[in-house]
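J.: Following this line is protein.txt, made up of compact mmCIF, C-alpha atoms and all ligand atoms:
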# COMPACT_ATOMS: atom_id res chain seq x y z
CA MET Y 489 9.40 -7.53 6.77
CA LEU Y 490 6.68 -5.05 7.71
CA VAL Y 491 3.36 -4.41 5.96
CA THR Y 492 1.20 -1.43 6.90
CA GLY Y 493 -2.57 -1.78 6.63
CA GLY Y 494 -2.25 -5.57 6.68
CA SER Y 495 -5.51 -6.52 8.37
CA ARG Y 496 -7.54 -6.83 5.18
CA GLY Y 497 -7.56 -6.29 1.41
CA ILE Y 498 -4.31 -5.95 -0.54
CA GLY Y 499 -2.28 -5.71 2.70
CA ALA Y 500 -3.66 -9.00 4.09
CA ALA Y 501 -3.02 -10.75 0.76
CA THR Y 502 0.56 -9.42 0.86
CA VAL Y 503 1.10 -10.74 4.39
CA GLU Y 504 -0.14 -14.15 3.28
CA LYS Y 505 1.88 -14.28 0.04
CA ALA Y 506 5.12 -13.15 1.75
CA LEU Y 507 4.61 -15.85 4.38
CA THR Y 508 4.26 -18.55 1.72
CA GLU Y 509 7.55 -17.29 0.22
CA GLY Y 510 9.25 -17.92 3.57
CA ALA Y 511 9.31 -14.41 5.09
CA LYS Y 512 8.67 -13.57 8.70
CA VAL Y 513 6.01 -10.91 8.49
CA SER Y 514 5.03 -8.14 10.90
CA PHE Y 515 2.04 -6.00 10.08
CA VAL Y 516 0.28 -3.01 11.58
CA ASP Y 517 -3.27 -1.76 11.18
CA LEU Y 518 -5.94 0.24 12.98
CA LEU Y 519 -8.29 -2.76 12.75
CA ALA Y 520 -7.33 -4.86 15.78
CA GLU Y 521 -9.92 -7.64 15.57
CA GLU Y 522 -9.30 -8.41 11.88
CA GLY Y 523 -5.53 -8.12 12.35
CA GLN Y 524 -5.41 -10.48 15.30
CA ALA Y 525 -7.70 -12.98 13.56
CA LEU Y 526 -5.43 -13.01 10.48
CA CYS Y 527 -2.36 -13.40 12.68
CA ASP Y 528 -3.92 -16.29 14.63
CA ARG Y 529 -4.87 -18.02 11.38
CA LEU Y 530 -1.40 -17.69 9.82
CA GLY Y 531 0.76 -18.83 12.75
CA SER Y 532 3.93 -17.87 14.57
CA ASP Y 533 5.87 -16.36 11.65
CA VAL Y 534 3.34 -13.51 11.56
CA PHE Y 535 3.18 -10.71 14.15
CA PHE Y 536 0.33 -8.20 14.35
CA GLN Y 537 0.36 -4.85 16.16
CA GLN Y 538 -2.40 -2.28 16.28
CA ALA Y 539 -0.94 1.08 15.23
CA ASN Y 540 -1.87 4.23 13.40
CA VAL Y 541 0.59 4.86 10.56
CA CYS Y 542 0.02 8.60 10.92
CA SER Y 543 1.75 8.52 14.30
CA ALA Y 544 5.55 8.55 14.17
CA ASP Y 545 5.65 7.31 17.78
CA GLU Y 546 3.34 4.36 17.15
CA LEU Y 547 5.21 3.42 13.98
CA GLY Y 548 8.59 3.72 15.72
CA GLN Y 549 7.42 1.49 18.56
CA SER Y 550 5.96 -1.03 16.12
CA VAL Y 551 9.24 -1.24 14.22
CA CYS Y 552 11.17 -1.75 17.51
CA ASN Y 553 8.78 -4.55 18.51
CA ALA Y 554 8.97 -6.13 15.05
CA GLU Y 555 12.78 -6.07 15.18
CA ALA Y 556 12.75 -7.60 18.67
CA ARG Y 557 10.53 -10.39 17.36
CA PHE Y 558 12.05 -11.20 13.95
CA GLY Y 559 15.30 -9.16 13.61
CA PRO Y 560 16.03 -6.18 11.33
CA VAL Y 561 13.20 -5.13 9.03
CA THR Y 562 14.69 -5.23 5.51
CA GLY Y 563 11.38 -5.24 3.64
CA LEU Y 564 8.64 -2.63 3.95
CA VAL Y 565 5.28 -2.40 2.18
CA ASN Y 566 3.59 0.96 2.65
CA ASN Y 567 0.07 -0.21 1.90
CA ALA Y 568 -2.20 1.54 4.44
CA GLY Y 569 -4.30 4.02 2.56
CA ARG Y 570 -7.72 5.56 2.20
CA ASN Y 571 -9.91 6.94 -0.54
CA SER Y 572 -11.15 10.49 -0.49
CA TYR Y 573 -14.23 11.97 -2.10
CA CYS Y 574 -13.94 15.68 -1.24
CA ASP Y 575 -15.15 18.78 -2.97
CA PRO Y 576 -12.18 21.08 -3.70
CA VAL Y 577 -14.20 24.18 -2.72
CA SER Y 578 -15.80 23.07 0.54
CA MET Y 579 -13.04 20.76 1.75
CA THR Y 580 -11.35 21.90 4.99
CA GLU Y 581 -7.61 21.98 5.67
CA ASP Y 582 -8.08 19.28 8.31
CA GLU Y 583 -9.71 17.02 5.72
CA TRP Y 584 -6.83 17.70 3.31
CA ASP Y 585 -4.27 16.86 6.00
CA ALA Y 586 -6.11 13.66 6.96
CA VAL Y 587 -5.81 12.35 3.37
CA PHE Y 588 -2.16 13.33 2.94
CA ASP Y 589 -1.21 11.99 6.39
CA VAL Y 590 -2.25 8.45 5.44
CA ASP Y 591 -1.68 8.35 1.69
CA LEU Y 592 1.67 10.17 1.61
CA LYS Y 593 3.30 11.23 4.88
CA ALA Y 594 2.88 7.83 6.58
CA ALA Y 595 4.99 6.18 3.88
CA TRP Y 596 7.87 8.51 4.66
CA LEU Y 597 7.40 8.02 8.43
CA ALA Y 598 7.56 4.23 8.02
CA ALA Y 599 10.55 4.43 5.67
CA ARG Y 600 12.32 6.70 8.16
CA ALA Y 601 11.70 4.16 10.91
CA VAL Y 602 13.14 1.18 9.01
CA LEU Y 603 15.94 2.79 6.98
CA PRO Y 604 18.59 2.78 9.75
CA ALA Y 605 18.39 -1.03 9.97
CA MET Y 606 18.36 -1.37 6.17
CA ILE Y 607 21.40 0.90 5.84
CA ALA Y 608 23.24 -1.11 8.52
CA ALA Y 609 22.33 -4.36 6.72
CA LYS Y 610 23.30 -2.86 3.30
CA LYS Y 611 20.09 -4.40 2.02
CA GLY Y 612 16.45 -3.43 1.78
CA SER Y 613 13.38 -3.14 -0.38
CA ILE Y 614 10.50 -0.71 0.05
CA VAL Y 615 7.27 -0.95 -1.96
CA ASN Y 616 4.87 1.98 -1.80
CA ILE Y 617 1.30 1.17 -2.84
CA ALA Y 618 0.21 4.08 -4.99
CA SER Y 619 -2.64 3.83 -7.50
CA VAL Y 620 -3.53 4.28 -11.16
CA HIS Y 621 -4.85 7.62 -9.84
CA ALA Y 622 -1.19 8.74 -9.80
CA THR Y 623 -1.40 8.79 -13.60
CA MET Y 624 -5.06 9.17 -14.52
CA THR Y 625 -7.97 9.95 -12.24
CA TYR Y 626 -11.72 10.10 -11.92
CA PRO Y 627 -14.09 12.94 -10.95
CA GLY Y 628 -15.08 13.15 -7.29
CA PHE Y 629 -11.89 11.68 -5.81
CA PHE Y 630 -10.24 14.95 -4.75
CA PRO Y 631 -7.38 15.00 -3.58
CA TYR Y 632 -6.53 11.26 -3.73
CA ALA Y 633 -4.71 11.60 -7.07
CA ALA Y 634 -2.50 14.36 -5.65
CA ALA Y 635 -1.50 12.27 -2.64
CA LYS Y 636 -0.80 9.14 -4.70
CA SER Y 637 1.16 11.15 -7.31
CA GLY Y 638 3.18 12.53 -4.40
CA LEU Y 639 3.84 8.99 -3.24
CA VAL Y 640 5.24 8.07 -6.67
CA GLY Y 641 7.43 11.19 -6.60
CA MET Y 642 8.66 10.35 -3.12
CA THR Y 643 9.45 6.84 -4.33
CA ARG Y 644 11.78 8.25 -7.00
CA SER Y 645 13.53 10.57 -4.52
CA LEU Y 646 14.02 7.85 -1.93
CA ALA Y 647 15.31 5.41 -4.54
CA LEU Y 648 18.02 7.89 -5.54
CA ASP Y 649 18.93 8.81 -1.97
CA VAL Y 650 19.27 5.27 -0.57
CA GLY Y 651 20.41 3.35 -3.66
CA GLN Y 652 24.05 3.61 -2.57
CA HIS Y 653 23.14 1.36 0.41
CA GLN Y 654 21.73 -1.34 -1.91
CA ILE Y 655 18.20 -0.41 -0.86
CA ARG Y 656 15.54 -0.43 -3.59
CA VAL Y 657 12.39 1.69 -3.48
CA ASN Y 658 9.51 1.15 -5.88
CA ALA Y 659 5.88 2.10 -6.23
CA LEU Y 660 3.18 -0.31 -7.30
CA SER Y 661 0.01 1.21 -8.68
CA PRO Y 662 -2.98 -1.11 -8.57
CA GLY Y 663 -6.06 -0.58 -10.66
CA TYR Y 664 -9.51 -1.66 -9.46
CA THR Y 665 -9.07 -4.49 -6.94
CA GLU Y 666 -11.80 -6.45 -5.12
CA THR Y 667 -11.48 -4.98 -1.61
CA THR Y 668 -13.69 -3.18 0.89
CA LEU Y 669 -12.46 0.14 -0.51
CA VAL Y 670 -13.81 -0.67 -3.98
CA LYS Y 671 -17.02 -2.29 -2.65
CA GLU Y 672 -17.71 0.95 -0.76
CA PHE Y 673 -17.05 2.99 -3.91
CA PHE Y 674 -19.48 0.90 -5.98
CA ALA Y 675 -22.07 1.00 -3.17
CA GLN Y 676 -21.98 4.81 -3.17
CA ASN Y 677 -22.63 5.04 -6.91
CA ASP Y 678 -25.29 4.06 -9.43
CA PRO Y 679 -25.32 0.23 -9.86
CA SER Y 680 -24.65 0.67 -13.60
CA LEU Y 681 -21.16 2.02 -12.79
CA GLN Y 682 -19.86 -1.41 -11.82
CA ALA Y 683 -20.88 -2.92 -15.17
CA GLN Y 684 -19.36 0.08 -16.97
CA VAL Y 685 -16.08 -0.39 -15.10
CA LEU Y 686 -15.90 -4.09 -15.96
CA ASP Y 687 -16.65 -3.28 -19.59
CA VAL Y 688 -13.59 -1.01 -19.99
CA HIS Y 689 -11.24 -3.64 -18.58
CA PRO Y 690 -9.62 -5.69 -21.38
CA MET Y 691 -10.19 -8.91 -19.39
CA ARG Y 692 -13.68 -7.77 -18.28
CA ARG Y 693 -12.81 -8.20 -14.63
CA ILE Y 694 -10.97 -6.40 -11.85
CA ALA Y 695 -8.03 -7.75 -9.82
CA THR Y 696 -8.12 -10.00 -6.80
CA PRO Y 697 -6.00 -8.82 -3.86
CA ALA Y 698 -3.80 -11.91 -4.38
CA GLU Y 699 -2.93 -10.81 -7.94
CA ILE Y 700 -1.68 -7.47 -6.61
CA ALA Y 701 0.14 -9.14 -3.71
CA ASN Y 702 2.04 -11.45 -6.11
CA CYS Y 703 3.58 -8.41 -7.81
CA ILE Y 704 4.26 -6.61 -4.50
CA VAL Y 705 6.15 -9.62 -3.14
CA PHE Y 706 8.09 -9.96 -6.40
CA LEU Y 707 9.20 -6.31 -6.16
CA LEU Y 708 10.18 -6.86 -2.53
CA SER Y 709 12.23 -9.93 -3.34
CA ASP Y 710 15.78 -10.37 -4.62
CA GLU Y 711 14.26 -11.55 -7.92
CA ALA Y 712 13.68 -7.82 -8.60
CA SER Y 713 17.26 -6.91 -7.63
CA PHE Y 714 17.73 -4.31 -10.42
CA VAL Y 715 14.29 -2.68 -10.19
CA THR Y 716 14.31 0.60 -8.32
CA GLY Y 717 12.71 4.03 -8.66
CA ALA Y 718 9.93 2.46 -10.74
CA ASP Y 719 6.16 2.73 -10.62
CA TRP Y 720 4.63 -0.55 -11.76
CA ARG Y 721 1.03 -0.36 -12.89
CA VAL Y 722 -0.89 -3.55 -12.17
CA ASP Y 723 -4.26 -2.66 -13.63
CA GLY Y 724 -5.26 -5.43 -16.05
CA GLY Y 725 -4.68 -3.07 -18.96
CA LEU Y 726 -7.19 -0.45 -17.77
CA THR Y 727 -4.89 2.52 -18.45
CA ALA Y 728 -3.80 1.16 -21.84
CA ARG Y 729 -7.13 2.37 -23.20
CA PHE Y 730 -8.54 5.81 -23.97
CA ALA Y 731 -12.22 6.68 -24.40
CA GLY Y 732 -13.97 5.57 -27.56
N1 LIG S 1 -8.62 -1.56 -3.95
C1 LIG S 1 -8.26 -0.86 -5.01
O1 LIG S 1 -8.91 -0.92 -6.05
C2 LIG S 1 -7.04 0.00 -4.95
C3 LIG S 1 -6.63 0.60 -6.16
C4 LIG S 1 -5.50 1.41 -6.15
C5 LIG S 1 -4.80 1.60 -4.98
N2 LIG S 1 -5.21 1.00 -3.83
C6 LIG S 1 -4.40 1.24 -2.63
O2 LIG S 1 -4.07 -0.01 -2.06
C7 LIG S 1 -3.91 0.13 -0.66
C8 LIG S 1 -4.76 -0.92 0.05
O3 LIG S 1 -6.09 -0.70 -0.29
P1 LIG S 1 -7.26 -1.79 -0.08
O4 LIG S 1 -8.13 -1.67 -1.26
O5 LIG S 1 -6.70 -3.09 0.33
O6 LIG S 1 -8.03 -1.07 1.11
P2 LIG S 1 -8.68 -1.60 2.48
O7 LIG S 1 -9.47 -0.45 2.99
O8 LIG S 1 -9.35 -2.90 2.29
O9 LIG S 1 -7.39 -1.83 3.37
C9 LIG S 1 -6.62 -0.75 3.83
C10 LIG S 1 -6.12 -1.09 5.22
O10 LIG S 1 -5.34 0.02 5.69
C11 LIG S 1 -5.69 0.25 7.03
N3 LIG S 1 -5.43 1.63 7.41
C12 LIG S 1 -6.03 2.74 6.90
N4 LIG S 1 -5.59 3.82 7.55
C13 LIG S 1 -4.70 3.40 8.47
C14 LIG S 1 -3.92 4.06 9.45
N5 LIG S 1 -3.99 5.38 9.64
N6 LIG S 1 -3.10 3.32 10.23
C15 LIG S 1 -3.05 1.97 10.07
N7 LIG S 1 -3.77 1.29 9.17
C16 LIG S 1 -4.59 2.00 8.38
C17 LIG S 1 -7.18 -0.06 7.09
O11 LIG S 1 -7.62 -0.28 8.42
C18 LIG S 1 -7.27 -1.30 6.21
O12 LIG S 1 -7.10 -2.50 6.93
C19 LIG S 1 -4.31 1.57 -0.33
O13 LIG S 1 -3.13 2.36 -0.22
C20 LIG S 1 -5.12 1.99 -1.54
O14 LIG S 1 -5.09 3.39 -1.75
C21 LIG S 1 -6.31 0.20 -3.79
If you took the structure in this file and wrote it as structure tokens, what would it be?

T.:
Amino acid sequence: MLVTGGSRGIGAATVEKALTEGAKVSFVDLLAEEGQALCDRLGSDVFFQQANVCSADELGQSVCNAEARFGPVTGLVNNAGRNSYCDPVSMTEDEWDAVFDVDLKAAWLAARAVLPAMIAAKKGSIVNIASVHATMTYPGFFPYAAAKSGLVGMTRSLALDVGQHQIRVNALSPGYTETTLVKEFFAQNDPSLQAQVLDVHPMRRIATPAEIANCIVFLLSDEASFVTGADWRVDGGLTARFAG
């Protein structure tokens, strides 16, 4: 299987969980030092390559190398992603494209690279890591919600188009999860925001990356053999609540 953005956070937890379930795991990331360190720690059933998921060439080469190492890639986790905090008026087209390239287009590029092997194997599972922002959002995150909503829409389309080959495609939408991305978000805001966020969570805490990875690996696995075209929210009940 292949995980994008696997050097840290939810991606790294997914690499580790899939390995404990017996998978041979390739992952790609821009962060070479962190990726190699994780790979060295986890052993020979894990293979790291530095690659930018926005580059079709780099992704294509990474998939070829992963297949040479472990055989056909029949599991894909499109996890690489970034936040965006743009102003809709002053934002440039280049900034728009940079968000959509990572948070939406890259998932299609990676799927396109692995689908031929999945179709030949008549087996496959793709999990696209979207966000609760695909359903509800927060001021100041423009246009993250648009990209993640697009990813959920693409998940539905792909699920319909490849289902005949016994390939499943699902989205998983995490809520707040303890990763660098969220630490940076809290660091940029008033310290009271973190307490406020915890307070609106039914369990008064946010997720660990491992809790998200458990659900990702379940969706990837044969245990989820009749789940496709879905968007699973894993948010500790955050979006079950409205203001008040
Ligand atoms: N942490 C959260 O609360 C949260 C909530 C909802 C959704 N998500 C989504 O989960 C996914 C993982 O987020 P995280 O919190 O673990 O973030 P993170 O920043 O800790 O990890 C993301 C990884 O993706 C890699 N990456 C980014 N752009 C890349 C590119 N162009 N090519 C290759 N690798 C690239 C980064 O180097 C990093 O290692 C993202 O898609 C994010 O949008 C996270």

J.: Hey, can you check how far atom C4 of ligand LIG 1 (chain S) sits from CA of Ala634 in chain Y?

T.: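 Straight-line distance from atom C4 of ligand LIG 1 (chain S) to CA of Ala634 in chain Y works out to 13.3 Å.
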
J.: Would you work out the distance separating CA of Val491 in chain Y from CA of Val551 in chain Y, expressed in Å to one decimal?

T.: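 According to the coordinates, CA of Val491 in chain Y and CA of Val551 in chain Y are separated by 10.6 Å.
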
J.: Using only C-alpha atoms and all ligand atoms, which residues have at least one atom no more than 9 Å from ligand LIG 1 (chain S)? Output them as a ChimeraX atom specification.

T.: /Y:492-501,516-520,522-523,538-543,566-571,586,589-591,594,616-621,632,636,660-671,694-697,723

J.: Per residue of range 556-623 of chain Y within 9 Å of range 698-719 of chain Y, note the shortest atom pair and the distance in Å to one decimal, counting all atoms listed in the file, and order the rows by chain and increasing residue number, as JSON lines.

T.:
{"residue": "Y:Gly563", "atom": "CA", "partner": "Y:Leu708", "partner_atom": "CA", "distance": 6.5}
{"residue": "Y:Leu564", "atom": "CA", "partner": "Y:Leu708", "partner_atom": "CA", "distance": 7.9}
{"residue": "Y:Val565", "atom": "CA", "partner": "Y:Ile704", "partner_atom": "CA", "distance": 8.0}
{"residue": "Y:Gly612", "atom": "CA", "partner": "Y:Leu708", "partner_atom": "CA", "distance": 8.3}
{"residue": "Y:Ser613", "atom": "CA", "partner": "Y:Leu708", "partner_atom": "CA", "distance": 5.4}
{"residue": "Y:Ile614", "atom": "CA", "partner": "Y:Leu708", "partner_atom": "CA", "distance": 6.7}
{"residue": "Y:Val615", "atom": "CA", "partner": "Y:Leu708", "partner_atom": "CA", "distance": 6.6}
{"residue": "Y:Asn616", "atom": "CA", "partner": "Y:Asp719", "partner_atom": "CA", "distance": 8.9}
{"residue": "Y:Ile617", "atom": "CA", "partner": "Y:Ile704", "partner_atom": "CA", "distance": 8.5}
{"residue": "Y:Ala618", "atom": "CA", "partner": "Y:Asp719", "partner_atom": "CA", "distance": 8.3}

J.: Using only C-alpha atoms, which residue out of Y:Ser572, Y:Ala598, Y:Trp720, Y:Ile655 lies closest to Glu546 in chain Y?

T.: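 The shortest atom-to-atom distance to Glu546 in chain Y comes from Y:Ala598.
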
J.: Taking into account all atoms listed in the file, which residue in the set Y:Phe673, Y:Arg721, Y:Asn658, Y:Arg557 is nearest to Val685 in chain Y?

T.: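 Selected residue with least distance to Val685 in chain Y: Y:Phe673.
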
J.: Enter the distance from CA of Pro627 in chain Y to CA of Thr502 in chain Y, in Å, rounded to one decimal.

T.: 29.2 Å

J.: Could you list, as a list in words, every residue within 10 Å of Leu507 in chain Y, counting all atoms listed in the file and ignoring same-chain residues fewer than 5 positions away?

T.: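 Residues near the query, excluding close chain neighbours: Met489, Ala501, Thr502, Lys512, Val513, Leu530, Gly531, Asp533, Val534 and Val705 of chain Y.
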
J.: Identify which of the residues Y:Ala609, Y:Ala601, Y:Met624, Y:Leu490 lies closest to Leu547 in chain Y, counting all atoms listed in the file when measuring atom-to-atom distances.

T.: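 Answer, going by the shortest atom-to-atom distance: Y:Ala601.
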
J.: Select, from Y:Ser680, Y:Gln524, Y:Ser514, Y:Thr643, the residue with the minimum atom-to-atom distance to Pro560 in chain Y, counting all atoms listed in the file.

T.: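 Smallest distance to Pro560 in chain Y is found for Y:Ser514.
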
J.: Which one of Y:Gln682, Y:Phe588, Y:Asp545, Y:Pro576 sits closest to Arg600 in chain Y if you count only C-alpha atoms?

T.: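 Comparing Y:Gln682, Y:Phe588, Y:Asp545, Y:Pro576 against Arg600 in chain Y, the winner is Y:Asp545.
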
J.: Residues at most 8 Å from Arg644 in chain Y, counting only C-alpha atoms, excluding those fewer than 2 positions away in the same chain, as a PyMOL selection string?

T.: chain Y and resi 640-642+646-648+657-658+717-718

J.: Looking at Y:Ala554, Y:Ala605, Y:Leu592, Y:Leu597, which one is nearest to Ala622 in chain Y, with distances taken over only C-alpha atoms?

T.: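 Looking at the shortest contact to Ala622 in chain Y, the residue is Y:Leu592.
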
J.: Model the absent atoms of range 525-551 of chain Y so that N, CA and C atoms are present, and write the result as a PDB file, in the coordinates of the input.

T.:
ATOM      1  N   ALA Y 525      -7.124 -11.754  14.131  1.00  0.00           N
ATOM      2  CA  ALA Y 525      -7.700 -12.980  13.560  1.00  0.00           C
ATOM      3  C   ALA Y 525      -6.805 -13.512  12.433  1.00  0.00           C
ATOM      4  N   LEU Y 526      -6.310 -12.603  11.583  1.00  0.00           N
ATOM      5  CA  LEU Y 526      -5.430 -13.010  10.480  1.00  0.00           C
ATOM      6  C   LEU Y 526      -4.149 -13.623  11.042  1.00  0.00           C
ATOM      7  N   CYS Y 527      -3.600 -12.957  12.039  1.00  0.00           N
ATOM      8  CA  CYS Y 527      -2.360 -13.400  12.680  1.00  0.00           C
ATOM      9  C   CYS Y 527      -2.551 -14.795  13.285  1.00  0.00           C
ATOM     10  N   ASP Y 528      -3.656 -14.994  14.003  1.00  0.00           N
ATOM     11  CA  ASP Y 528      -3.920 -16.290  14.630  1.00  0.00           C
ATOM     12  C   ASP Y 528      -4.045 -17.384  13.569  1.00  0.00           C
ATOM     13  N   ARG Y 529      -4.667 -17.025  12.439  1.00  0.00           N
ATOM     14  CA  ARG Y 529      -4.870 -18.020  11.380  1.00  0.00           C
ATOM     15  C   ARG Y 529      -3.548 -18.401  10.717  1.00  0.00           C
ATOM     16  N   LEU Y 530      -2.609 -17.435  10.610  1.00  0.00           N
ATOM     17  CA  LEU Y 530      -1.400 -17.690   9.820  1.00  0.00           C
ATOM     18  C   LEU Y 530      -0.234 -18.268  10.623  1.00  0.00           C
ATOM     19  N   GLY Y 531      -0.270 -18.146  11.957  1.00  0.00           N
ATOM     20  CA  GLY Y 531       0.760 -18.830  12.750  1.00  0.00           C
ATOM     21  C   GLY Y 531       1.886 -17.942  13.243  1.00  0.00           C
ATOM     22  N   SER Y 532       2.937 -18.589  13.769  1.00  0.00           N
ATOM     23  CA  SER Y 532       3.930 -17.870  14.570  1.00  0.00           C
ATOM     24  C   SER Y 532       4.941 -17.057  13.757  1.00  0.00           C
ATOM     25  N   ASP Y 533       4.962 -17.199  12.444  1.00  0.00           N
ATOM     26  CA  ASP Y 533       5.870 -16.360  11.650  1.00  0.00           C
ATOM     27  C   ASP Y 533       5.225 -15.039  11.250  1.00  0.00           C
ATOM     28  N   VAL Y 534       4.038 -14.763  11.831  1.00  0.00           N
ATOM     29  CA  VAL Y 534       3.340 -13.510  11.560  1.00  0.00           C
ATOM     30  C   VAL Y 534       3.095 -12.801  12.892  1.00  0.00           C
ATOM     31  N   PHE Y 535       3.293 -11.485  12.909  1.00  0.00           N
ATOM     32  CA  PHE Y 535       3.180 -10.710  14.150  1.00  0.00           C
ATOM     33  C   PHE Y 535       2.343  -9.464  13.859  1.00  0.00           C
ATOM     34  N   PHE Y 536       1.219  -9.349  14.564  1.00  0.00           N
ATOM     35  CA  PHE Y 536       0.330  -8.200  14.350  1.00  0.00           C
ATOM     36  C   PHE Y 536       0.433  -7.196  15.497  1.00  0.00           C
ATOM     37  N   GLN Y 537       0.456  -5.911  15.147  1.00  0.00           N
ATOM     38  CA  GLN Y 537       0.360  -4.850  16.160  1.00  0.00           C
ATOM     39  C   GLN Y 537      -0.659  -3.813  15.691  1.00  0.00           C
ATOM     40  N   GLN Y 538      -1.473  -3.360  16.626  1.00  0.00           N
ATOM     41  CA  GLN Y 538      -2.400  -2.280  16.280  1.00  0.00           C
ATOM     42  C   GLN Y 538      -1.618  -0.965  16.332  1.00  0.00           C
ATOM     43  N   ALA Y 539      -1.631  -0.219  15.256  1.00  0.00           N
ATOM     44  CA  ALA Y 539      -0.940   1.080  15.230  1.00  0.00           C
ATOM     45  C   ALA Y 539      -1.522   1.947  14.141  1.00  0.00           C
ATOM     46  N   ASN Y 540      -1.428   3.247  14.392  1.00  0.00           N
ATOM     47  CA  ASN Y 540      -1.870   4.230  13.400  1.00  0.00           C
ATOM     48  C   ASN Y 540      -0.621   4.702  12.641  1.00  0.00           C
ATOM     49  N   VAL Y 541      -0.610   4.498  11.339  1.00  0.00           N
ATOM     50  CA  VAL Y 541       0.590   4.860  10.560  1.00  0.00           C
ATOM     51  C   VAL Y 541       0.820   6.372  10.487  1.00  0.00           C
ATOM     52  N   CYS Y 542      -0.169   7.142  10.916  1.00  0.00           N
ATOM     53  CA  CYS Y 542       0.020   8.600  10.920  1.00  0.00           C
ATOM     54  C   CYS Y 542       0.793   9.058  12.153  1.00  0.00           C
ATOM     55  N   SER Y 543       1.032   8.159  13.085  1.00  0.00           N
ATOM     56  CA  SER Y 543       1.750   8.520  14.300  1.00  0.00           C
ATOM     57  C   SER Y 543       3.186   8.015  14.227  1.00  0.00           C
ATOM     58  N   ALA Y 544       4.139   8.944  14.221  1.00  0.00           N
ATOM     59  CA  ALA Y 544       5.550   8.550  14.170  1.00  0.00           C
ATOM     60  C   ALA Y 544       5.913   7.714  15.393  1.00  0.00           C
ATOM     61  N   ASP Y 545       5.338   8.059  16.551  1.00  0.00           N
ATOM     62  CA  ASP Y 545       5.650   7.310  17.780  1.00  0.00           C
ATOM     63  C   ASP Y 545       5.154   5.870  17.685  1.00  0.00           C
ATOM     64  N   GLU Y 546       3.897   5.721  17.246  1.00  0.00           N
ATOM     65  CA  GLU Y 546       3.340   4.360  17.150  1.00  0.00           C
ATOM     66  C   GLU Y 546       4.092   3.525  16.120  1.00  0.00           C
ATOM     67  N   LEU Y 547       4.453   4.153  14.998  1.00  0.00           N
ATOM     68  CA  LEU Y 547       5.210   3.420  13.980  1.00  0.00           C
ATOM     69  C   LEU Y 547       6.593   3.030  14.508  1.00  0.00           C
ATOM     70  N   GLY Y 548       7.252   3.979  15.178  1.00  0.00           N
ATOM     71  CA  GLY Y 548       8.590   3.720  15.720  1.00  0.00           C
ATOM     72  C   GLY Y 548       8.557   2.557  16.700  1.00  0.00           C
ATOM     73  N   GLN Y 549       7.552   2.567  17.577  1.00  0.00           N
ATOM     74  CA  GLN Y 549       7.420   1.490  18.560  1.00  0.00           C
ATOM     75  C   GLN Y 549       7.144   0.158  17.868  1.00  0.00           C
ATOM     76  N   SER Y 550       6.297   0.202  16.845  1.00  0.00           N
ATOM     77  CA  SER Y 550       5.960  -1.030  16.120  1.00  0.00           C
ATOM     78  C   SER Y 550       7.192  -1.616  15.436  1.00  0.00           C
ATOM     79  N   VAL Y 551       8.030  -0.747  14.876  1.00  0.00           N
ATOM     80  CA  VAL Y 551       9.240  -1.240  14.220  1.00  0.00           C
ATOM     81  C   VAL Y 551      10.190  -1.853  15.252  1.00  0.00           C
TER      82      VAL Y 551
END
